[in-house]
file data_2.txt (compact mmCIF, C-alpha atoms)
# COMPACT_ATOMS: atom_id res chain seq x y z
CA MET A 757 -41.17 12.92 6.72
CA SER A 758 -39.56 16.01 8.16
CA GLN A 759 -36.81 18.32 7.00
CA SER A 760 -34.47 16.43 9.36
CA THR A 761 -33.87 13.72 6.73
CA VAL A 762 -30.90 14.89 4.68
CA VAL A 763 -30.48 13.27 1.26
CA LEU A 764 -27.79 13.50 -1.41
CA VAL A 765 -28.57 12.23 -4.93
CA THR A 766 -25.77 12.05 -7.49
CA GLY A 767 -26.45 12.94 -11.12
CA VAL A 768 -29.62 15.07 -10.94
CA SER A 769 -29.23 16.88 -14.25
CA SER A 770 -31.84 14.67 -15.90
CA GLY A 771 -33.54 11.29 -15.94
CA ILE A 772 -33.77 9.06 -12.88
CA GLY A 773 -31.62 11.31 -10.69
CA ARG A 774 -33.72 14.40 -11.33
CA ALA A 775 -37.00 12.54 -10.79
CA THR A 776 -35.63 10.99 -7.59
CA ALA A 777 -34.56 14.35 -6.14
CA GLU A 778 -38.04 15.73 -6.84
CA LYS A 779 -39.67 12.76 -5.07
CA PHE A 780 -37.53 13.28 -1.97
CA VAL A 781 -38.52 16.96 -1.91
CA GLN A 782 -42.18 15.90 -2.00
CA GLN A 783 -41.48 13.71 1.05
CA GLY A 784 -40.29 16.78 2.96
CA CYS A 785 -36.60 15.84 2.97
CA ARG A 786 -33.74 18.29 2.72
CA VAL A 787 -32.28 17.38 -0.65
CA PHE A 788 -28.90 18.00 -2.25
CA GLY A 789 -28.18 16.98 -5.83
CA THR A 790 -24.90 16.75 -7.68
CA VAL A 791 -24.15 18.19 -11.10
CA ARG A 792 -20.84 18.35 -12.94
CA ASN A 793 -21.08 22.07 -13.71
CA LEU A 794 -23.15 24.49 -11.63
CA ALA A 795 -22.85 27.21 -14.25
CA THR A 796 -24.76 25.20 -16.86
CA ALA A 797 -27.09 23.22 -14.58
CA SER A 798 -30.86 23.74 -14.69
CA PRO A 799 -32.32 24.68 -11.30
CA LEU A 800 -34.44 22.12 -9.48
CA THR A 801 -37.09 23.39 -7.09
CA GLY A 802 -36.35 22.47 -3.48
CA VAL A 803 -32.96 20.92 -4.31
CA GLN A 804 -29.64 22.50 -3.40
CA LEU A 805 -27.26 21.75 -6.25
CA ILE A 806 -23.69 20.72 -5.45
CA GLU A 807 -20.90 20.69 -8.01
CA MET A 808 -19.34 17.25 -8.02
CA ASP A 809 -17.68 15.11 -10.66
CA VAL A 810 -17.97 11.54 -9.35
CA ARG A 811 -14.98 10.55 -11.49
CA ASP A 812 -12.67 12.87 -9.54
CA GLU A 813 -11.57 12.13 -5.97
CA ALA A 814 -10.96 15.76 -4.96
CA SER A 815 -14.29 16.86 -6.44
CA VAL A 816 -16.16 14.18 -4.49
CA GLN A 817 -14.47 15.11 -1.22
CA LEU A 818 -15.19 18.83 -1.73
CA GLY A 819 -18.80 18.18 -2.71
CA MET A 820 -19.45 15.90 0.26
CA GLN A 821 -17.88 18.39 2.64
CA ALA A 822 -20.15 21.11 1.23
CA VAL A 823 -23.20 19.01 2.12
CA ILE A 824 -21.93 18.26 5.63
CA THR A 825 -21.09 21.91 6.22
CA ALA A 826 -24.54 23.02 5.12
CA ALA A 827 -26.65 20.31 6.78
CA LYS A 828 -24.31 19.09 9.58
CA ARG A 829 -24.96 15.46 8.57
CA LEU A 830 -26.13 13.16 5.78
CA ASP A 831 -28.77 10.48 6.30
CA VAL A 832 -29.24 9.08 2.79
CA LEU A 833 -26.80 8.79 -0.12
CA VAL A 834 -28.22 7.78 -3.51
CA ASN A 835 -25.54 6.75 -5.99
CA ASN A 836 -27.38 7.28 -9.26
CA ALA A 837 -24.77 8.82 -11.58
CA GLY A 838 -23.68 6.43 -14.31
CA THR A 839 -23.15 5.85 -17.99
CA THR A 840 -23.53 3.06 -20.53
CA LEU A 841 -21.78 1.62 -23.57
CA THR A 842 -22.86 -0.67 -26.41
CA GLY A 843 -20.72 -2.93 -28.53
CA ALA A 844 -19.40 -6.48 -28.55
CA VAL A 845 -16.93 -7.44 -25.84
CA GLU A 846 -14.26 -7.96 -28.53
CA GLU A 847 -14.94 -4.44 -29.84
CA THR A 848 -14.52 -2.81 -26.42
CA SER A 849 -11.08 -1.37 -25.68
CA THR A 850 -9.59 -1.56 -22.22
CA THR A 851 -9.59 2.26 -22.19
CA GLU A 852 -13.35 2.33 -22.85
CA ALA A 853 -13.91 -0.37 -20.23
CA ALA A 854 -11.83 1.51 -17.65
CA ALA A 855 -13.76 4.74 -18.27
CA LEU A 856 -17.05 2.88 -17.85
CA PHE A 857 -15.96 1.30 -14.57
CA ASP A 858 -14.61 4.65 -13.37
CA THR A 859 -18.09 6.19 -13.68
CA ASN A 860 -20.25 3.22 -12.70
CA VAL A 861 -18.17 1.49 -10.01
CA PHE A 862 -15.25 3.57 -8.76
CA SER A 863 -17.53 6.60 -8.38
CA ILE A 864 -19.51 4.63 -5.79
CA LEU A 865 -16.29 3.75 -3.99
CA ARG A 866 -15.38 7.46 -3.90
CA THR A 867 -18.73 8.69 -2.57
CA VAL A 868 -19.04 5.85 -0.06
CA GLN A 869 -15.57 6.46 1.33
CA ALA A 870 -16.35 10.19 1.56
CA VAL A 871 -19.65 9.72 3.42
CA LEU A 872 -18.95 6.77 5.70
CA PRO A 873 -16.88 8.67 8.31
CA HIS A 874 -19.88 10.96 8.85
CA MET A 875 -22.46 8.14 8.89
CA ARG A 876 -20.29 6.10 11.28
CA ALA A 877 -20.05 9.08 13.62
CA GLN A 878 -23.81 9.58 13.65
CA ARG A 879 -24.39 5.79 13.90
CA ARG A 880 -27.04 5.68 11.16
CA GLY A 881 -27.46 6.07 7.42
CA ARG A 882 -28.79 4.49 4.25
CA ILE A 883 -26.83 4.08 1.02
CA ILE A 884 -28.80 3.35 -2.16
CA ASN A 885 -26.83 2.12 -5.15
CA VAL A 886 -28.67 2.19 -8.47
CA SER A 887 -27.78 -1.00 -10.29
CA SER A 888 -29.78 -2.63 -13.11
CA VAL A 889 -31.41 -5.90 -14.06
CA LEU A 890 -28.19 -6.25 -16.07
CA GLY A 891 -26.46 -6.57 -12.71
CA PHE A 892 -27.88 -10.10 -12.48
CA LEU A 893 -28.50 -10.87 -16.17
CA PRO A 894 -26.14 -11.02 -19.16
CA ALA A 895 -26.54 -8.41 -21.90
CA PRO A 896 -25.31 -9.19 -25.42
CA TYR A 897 -23.58 -6.13 -26.90
CA MET A 898 -23.66 -4.39 -23.51
CA GLY A 899 -21.16 -6.74 -21.90
CA LEU A 900 -18.95 -4.21 -20.12
CA TYR A 901 -21.96 -2.23 -18.88
CA SER A 902 -23.41 -5.45 -17.49
CA ALA A 903 -20.05 -6.29 -15.93
CA SER A 904 -19.93 -2.89 -14.22
CA LYS A 905 -23.38 -3.44 -12.73
CA HIS A 906 -22.45 -6.95 -11.60
CA ALA A 907 -19.53 -5.27 -9.80
CA VAL A 908 -21.91 -2.77 -8.16
CA GLU A 909 -23.98 -5.70 -6.88
CA GLY A 910 -21.01 -7.47 -5.31
CA LEU A 911 -19.65 -4.26 -3.81
CA SER A 912 -23.02 -3.30 -2.34
CA GLU A 913 -23.79 -6.67 -0.75
CA THR A 914 -20.34 -6.83 0.82
CA LEU A 915 -20.48 -3.23 2.04
CA ASP A 916 -23.81 -3.85 3.77
CA HIS A 917 -22.25 -6.62 5.85
CA GLU A 918 -19.38 -4.35 6.88
CA VAL A 919 -21.34 -1.24 7.86
CA ARG A 920 -24.51 -2.56 9.47
CA GLN A 921 -22.63 -2.66 12.81
CA PHE A 922 -22.75 1.15 12.67
CA GLY A 923 -26.49 1.38 11.98
CA ILE A 924 -25.88 1.89 8.25
CA ARG A 925 -27.60 -0.22 5.59
CA VAL A 926 -26.97 -0.55 1.86
CA THR A 927 -29.67 -1.27 -0.71
CA LEU A 928 -29.61 -2.07 -4.43
CA VAL A 929 -32.28 -0.72 -6.78
CA GLU A 930 -32.40 -2.71 -10.02
CA PRO A 931 -34.43 -1.05 -12.80
CA SER A 932 -34.90 -2.38 -16.29
CA PHE A 933 -34.76 -0.08 -19.34
CA THR A 934 -36.11 3.38 -18.51
CA LYS A 935 -37.21 6.15 -20.84
CA THR A 936 -34.24 8.46 -20.35
CA ASN A 937 -31.68 10.16 -22.59
CA LEU A 938 -29.00 7.85 -21.15
CA ASP A 939 -30.74 4.77 -22.55
CA ARG A 940 -31.82 6.50 -25.77
CA ASN A 941 -28.34 7.82 -26.59
CA ALA A 942 -26.10 4.97 -25.50
CA PRO A 943 -22.55 5.56 -26.79
CA GLN A 944 -20.98 2.98 -29.11
CA THR A 945 -17.55 1.43 -28.94
CA ALA A 946 -15.03 3.09 -31.25
CA ALA A 947 -13.96 -0.19 -32.82
CA VAL A 948 -16.30 -2.02 -35.20
CA ILE A 949 -15.77 -5.64 -36.26
CA ASP A 950 -17.78 -6.58 -39.34
CA ASP A 951 -18.45 -10.15 -38.19
CA TYR A 952 -20.67 -8.79 -35.39
CA ALA A 953 -22.57 -6.33 -37.61
CA GLY A 954 -25.70 -8.44 -38.17
CA GLU A 955 -26.40 -9.37 -34.58
CA ARG A 956 -25.23 -6.00 -33.26
CA SER A 957 -27.78 -4.30 -35.46
CA LEU A 958 -30.54 -6.62 -34.22
CA ALA A 959 -29.56 -6.01 -30.59
CA SER A 960 -29.45 -2.23 -31.12
CA GLU A 961 -32.91 -2.26 -32.66
CA ALA A 962 -34.24 -4.33 -29.76
CA LEU A 963 -32.65 -1.88 -27.32
CA VAL A 964 -34.34 1.11 -28.98
CA ASN A 965 -37.71 -0.68 -28.93
CA SER A 966 -37.29 -1.57 -25.25
CA VAL A 967 -36.49 2.04 -24.33
CA ASN A 968 -39.44 3.38 -26.34
CA GLN A 969 -41.78 1.06 -24.44
CA ALA A 970 -40.10 1.59 -21.07
CA PRO A 971 -41.66 3.40 -18.10
CA ALA A 972 -40.79 6.99 -17.23
CA PRO A 973 -38.04 7.71 -14.65
CA GLU A 974 -40.67 8.45 -11.99
CA THR A 975 -41.34 4.72 -11.63
CA VAL A 976 -37.73 4.06 -10.65
CA ALA A 977 -37.64 7.21 -8.52
CA ASN A 978 -40.53 5.93 -6.41
CA THR A 979 -38.65 2.68 -5.80
CA ILE A 980 -35.49 4.56 -4.78
CA VAL A 981 -37.40 6.72 -2.29
CA ASP A 982 -39.08 3.64 -0.81
CA ALA A 983 -35.69 1.96 -0.53
CA ALA A 984 -34.25 4.99 1.26
CA LEU A 985 -37.07 5.79 3.65
CA GLY A 986 -38.86 2.46 4.06
CA LYS A 987 -38.00 -0.85 5.66
CA TRP A 988 -34.58 -2.15 4.63
CA ARG A 989 -34.33 -4.77 1.91
CA MET A 990 -31.14 -5.67 0.07
CA ARG A 991 -32.77 -5.56 -3.37
CA ARG A 992 -35.68 -3.62 -4.77
CA THR A 993 -36.91 -3.92 -8.36
CA PRO A 994 -39.48 -1.48 -9.74
CA ALA A 995 -42.87 -2.98 -10.55
CA GLY A 996 -43.26 -4.35 -14.07
CA GLU A 997 -40.53 -5.82 -16.24
CA ALA A 998 -37.71 -5.44 -13.70
CA SER A 999 -39.64 -7.31 -11.02
CA LEU A 1000 -40.62 -10.04 -13.50
CA LEU A 1001 -37.02 -10.50 -14.68
CA SER A 1002 -35.84 -10.80 -11.09
CA LYS A 1003 -38.32 -13.60 -10.45
CA LEU A 1004 -37.43 -15.37 -13.70
CA ARG A 1005 -33.73 -15.30 -12.83
CA ARG A 1006 -34.40 -16.76 -9.40
CA PHE A 1007 -36.93 -19.45 -10.21
CA MET A 1008 -36.69 -20.46 -13.88
CA PRO A 1009 -34.16 -23.01 -15.21
CA ALA A 1010 -31.15 -21.54 -16.97
CA GLY A 1011 -32.14 -22.82 -20.42
CA PRO A 1012 -35.48 -20.96 -20.71
CA VAL A 1013 -33.93 -17.81 -19.23
CA ASP A 1014 -31.15 -17.94 -21.82
CA ALA A 1015 -33.63 -18.45 -24.68
CA SER A 1016 -35.86 -15.63 -23.46
CA LEU A 1017 -32.92 -13.24 -23.21
CA ARG A 1018 -31.75 -14.00 -26.74
CA LYS A 1019 -35.28 -13.42 -28.01
CA THR A 1020 -35.43 -10.09 -26.18
CA PHE A 1021 -32.21 -8.97 -27.87
CA GLY A 1022 -33.38 -10.20 -31.28
CA LEU A 1023 -30.62 -12.79 -31.57
CA ASN A 1024 -30.71 -16.09 -33.44
CA SER A 1025 -31.33 -19.16 -31.33
call {"tool": "encode", "arguments": {"input": "data_2.txt", "output": "structure tokens"}}
result
Amino acid sequence: MSQSTVVLVTGVSSGIGRATAEKFVQQGCRVFGTVRNLATASPLTGVQLIEMDVRDEASVQLGMQAVITAAKRLDVLVNNAGTTLTGAVEETSTTEAAALFDTNVFSILRTVQAVLPHMRAQRRGRIINVSSVLGFLPAPYMGLYSASKHAVEGLSETLDHEVRQFGIRVTLVEPSFTKTNLDRNAPQTAAVIDDYAGERSLASEALVNSVNQAPAPETVANTIVDAALGKWRMRRTPAGEASLLSKLRRFMPAGPVDASLRKTFGLNS
């Protein structure tokens, strides 16, 4: 792969985004990575950092224009930036839900709308949206996070139908839990309802155990790079648990899937 492939990865400060940017560099791509604050960002070898807050329309437009000005085009956009939230649905305020969707869903809308005029003009491009296995599975005590990823799935599939006429394709990457600070330090809802305390505690403990046993971000990064540079497929799940869960969802009856999920989250049958 030559320097002619221009890639932008959002959220490269740490975790999956940082590992993904490094993998693209190793493939010989010209790589840009977004951070919220250039002054405090750690340098990343071979990656040109761009200041961009995906929650802010003006910031996204300025950041995207900086990439186009520097590279004259953009071939691959990886929407990786995101956040999470734990707590029962009843405990989640509409303000917390709106903030979650702003980062996980509306940020994709902002970056896509900023890049599509350029990709349409060049008649090619690949957009990779990082979803989750929770984009096709329920997640007790992560209900609004799961809802945001379900929204990413619907948005991405629809977008692919609309833009393929211009030589642009959209792909979903659906990892399971990954050993990152985002999964380790998931924020909690501000409200706490005592009736949920027992099961919430069990689910939180199961979440911590899953993260501790999860693969490193490099596993997901490899899948993202394959999705960007390889043959197009609508969905790609990293090898291991994510791939297994995808198959279970597709081929197993609903009852066993439901029971398995409750067991995974440590919930009573």
call {"tool": "closest_residue", "arguments": {"input": "data_2.txt", "among": "A:Thr936, A:Thr776, A:Gln869, A:Thr790", "to": "Ala970 (chain A)", "atoms": "only C-alpha atoms"}}
result
A:Thr936
call {"tool": "atom_distance", "arguments": {"input": "data_2.txt", "atom1": "CA of Thr761 (chain A)", "atom2": "CA of Met808 (chain A)"}}
result
21.0 Å
call {"tool": "residues_near_point", "arguments": {"input": "data_2.txt", "point": "(-25.3, 7.3, 8.1)", "cutoff": "8 Å", "atoms": "only C-alpha atoms", "output": "PyMOL selection string"}}
result
chain A and resi 830-832+871-872+874-883+923-924
call {"tool": "closest_residue", "arguments": {"input": "data_2.txt", "among": "A:Ala962, A:Ala777, A:Leu928, A:Ala946", "to": "Thr914 (chain A)", "atoms": "all atoms listed in the file"}}
result
A:Leu928
call {"tool": "closest_residue", "arguments": {"input": "data_2.txt", "among": "A:Gly986, A:Gly802, A:Gly891, A:Gly954", "to": "Ser932 (chain A)", "atoms": "all atoms listed in the file"}}
result
A:Gly891
call {"tool": "build_atoms", "arguments": {"input": "data_2.txt", "residues": "region 793-812 of chain A", "atoms": "N, CA and C atoms", "output": "PDB file, keeping the file's coordinate frame"}}
result
ATOM      1  N   ASN A 793     -21.392  20.661 -13.492  1.00  0.00           N
ATOM      2  CA  ASN A 793     -21.080  22.070 -13.710  1.00  0.00           C
ATOM      3  C   ASN A 793     -22.255  22.928 -13.241  1.00  0.00           C
ATOM      4  N   LEU A 794     -22.074  23.646 -12.157  1.00  0.00           N
ATOM      5  CA  LEU A 794     -23.150  24.490 -11.630  1.00  0.00           C
ATOM      6  C   LEU A 794     -23.547  25.582 -12.608  1.00  0.00           C
ATOM      7  N   ALA A 795     -22.591  26.081 -13.357  1.00  0.00           N
ATOM      8  CA  ALA A 795     -22.850  27.210 -14.250  1.00  0.00           C
ATOM      9  C   ALA A 795     -23.847  26.861 -15.345  1.00  0.00           C
ATOM     10  N   THR A 796     -23.870  25.594 -15.755  1.00  0.00           N
ATOM     11  CA  THR A 796     -24.760  25.200 -16.860  1.00  0.00           C
ATOM     12  C   THR A 796     -25.943  24.349 -16.395  1.00  0.00           C
ATOM     13  N   ALA A 797     -26.041  24.096 -15.099  1.00  0.00           N
ATOM     14  CA  ALA A 797     -27.090  23.220 -14.580  1.00  0.00           C
ATOM     15  C   ALA A 797     -28.438  23.930 -14.522  1.00  0.00           C
ATOM     16  N   SER A 798     -29.496  23.203 -14.823  1.00  0.00           N
ATOM     17  CA  SER A 798     -30.860  23.740 -14.690  1.00  0.00           C
ATOM     18  C   SER A 798     -31.283  23.645 -13.238  1.00  0.00           C
ATOM     19  N   PRO A 799     -31.885  24.716 -12.687  1.00  0.00           N
ATOM     20  CA  PRO A 799     -32.320  24.680 -11.300  1.00  0.00           C
ATOM     21  C   PRO A 799     -33.382  23.607 -11.075  1.00  0.00           C
ATOM     22  N   LEU A 800     -33.475  23.147  -9.848  1.00  0.00           N
ATOM     23  CA  LEU A 800     -34.440  22.120  -9.480  1.00  0.00           C
ATOM     24  C   LEU A 800     -35.095  22.559  -8.179  1.00  0.00           C
ATOM     25  N   THR A 801     -36.376  22.810  -8.228  1.00  0.00           N
ATOM     26  CA  THR A 801     -37.090  23.390  -7.090  1.00  0.00           C
ATOM     27  C   THR A 801     -36.936  22.531  -5.837  1.00  0.00           C
ATOM     28  N   GLY A 802     -36.486  23.161  -4.754  1.00  0.00           N
ATOM     29  CA  GLY A 802     -36.350  22.470  -3.480  1.00  0.00           C
ATOM     30  C   GLY A 802     -35.066  21.684  -3.322  1.00  0.00           C
ATOM     31  N   VAL A 803     -34.208  21.693  -4.348  1.00  0.00           N
ATOM     32  CA  VAL A 803     -32.960  20.920  -4.310  1.00  0.00           C
ATOM     33  C   VAL A 803     -31.778  21.873  -4.340  1.00  0.00           C
ATOM     34  N   GLN A 804     -30.869  21.708  -3.397  1.00  0.00           N
ATOM     35  CA  GLN A 804     -29.640  22.500  -3.400  1.00  0.00           C
ATOM     36  C   GLN A 804     -28.597  21.765  -4.245  1.00  0.00           C
ATOM     37  N   LEU A 805     -28.205  22.385  -5.349  1.00  0.00           N
ATOM     38  CA  LEU A 805     -27.260  21.750  -6.250  1.00  0.00           C
ATOM     39  C   LEU A 805     -25.832  21.876  -5.740  1.00  0.00           C
ATOM     40  N   ILE A 806     -25.085  20.791  -5.884  1.00  0.00           N
ATOM     41  CA  ILE A 806     -23.690  20.720  -5.450  1.00  0.00           C
ATOM     42  C   ILE A 806     -22.849  20.323  -6.653  1.00  0.00           C
ATOM     43  N   GLU A 807     -21.786  21.057  -6.902  1.00  0.00           N
ATOM     44  CA  GLU A 807     -20.900  20.690  -8.010  1.00  0.00           C
ATOM     45  C   GLU A 807     -20.018  19.522  -7.586  1.00  0.00           C
ATOM     46  N   MET A 808     -20.129  18.433  -8.338  1.00  0.00           N
ATOM     47  CA  MET A 808     -19.340  17.250  -8.020  1.00  0.00           C
ATOM     48  C   MET A 808     -19.182  16.397  -9.276  1.00  0.00           C
ATOM     49  N   ASP A 809     -17.961  16.057  -9.591  1.00  0.00           N
ATOM     50  CA  ASP A 809     -17.680  15.110 -10.660  1.00  0.00           C
ATOM     51  C   ASP A 809     -17.307  13.793  -9.976  1.00  0.00           C
ATOM     52  N   VAL A 810     -18.183  12.788 -10.083  1.00  0.00           N
ATOM     53  CA  VAL A 810     -17.970  11.540  -9.350  1.00  0.00           C
ATOM     54  C   VAL A 810     -16.757  10.771  -9.850  1.00  0.00           C
ATOM     55  N   ARG A 811     -16.185  11.210 -10.964  1.00  0.00           N
ATOM     56  CA  ARG A 811     -14.980  10.550 -11.490  1.00  0.00           C
ATOM     57  C   ARG A 811     -13.707  11.145 -10.900  1.00  0.00           C
ATOM     58  N   ASP A 812     -13.832  12.157 -10.062  1.00  0.00           N
ATOM     59  CA  ASP A 812     -12.670  12.870  -9.540  1.00  0.00           C
ATOM     60  C   ASP A 812     -12.689  12.853  -8.015  1.00  0.00           C
TER      61      ASP A 812
END
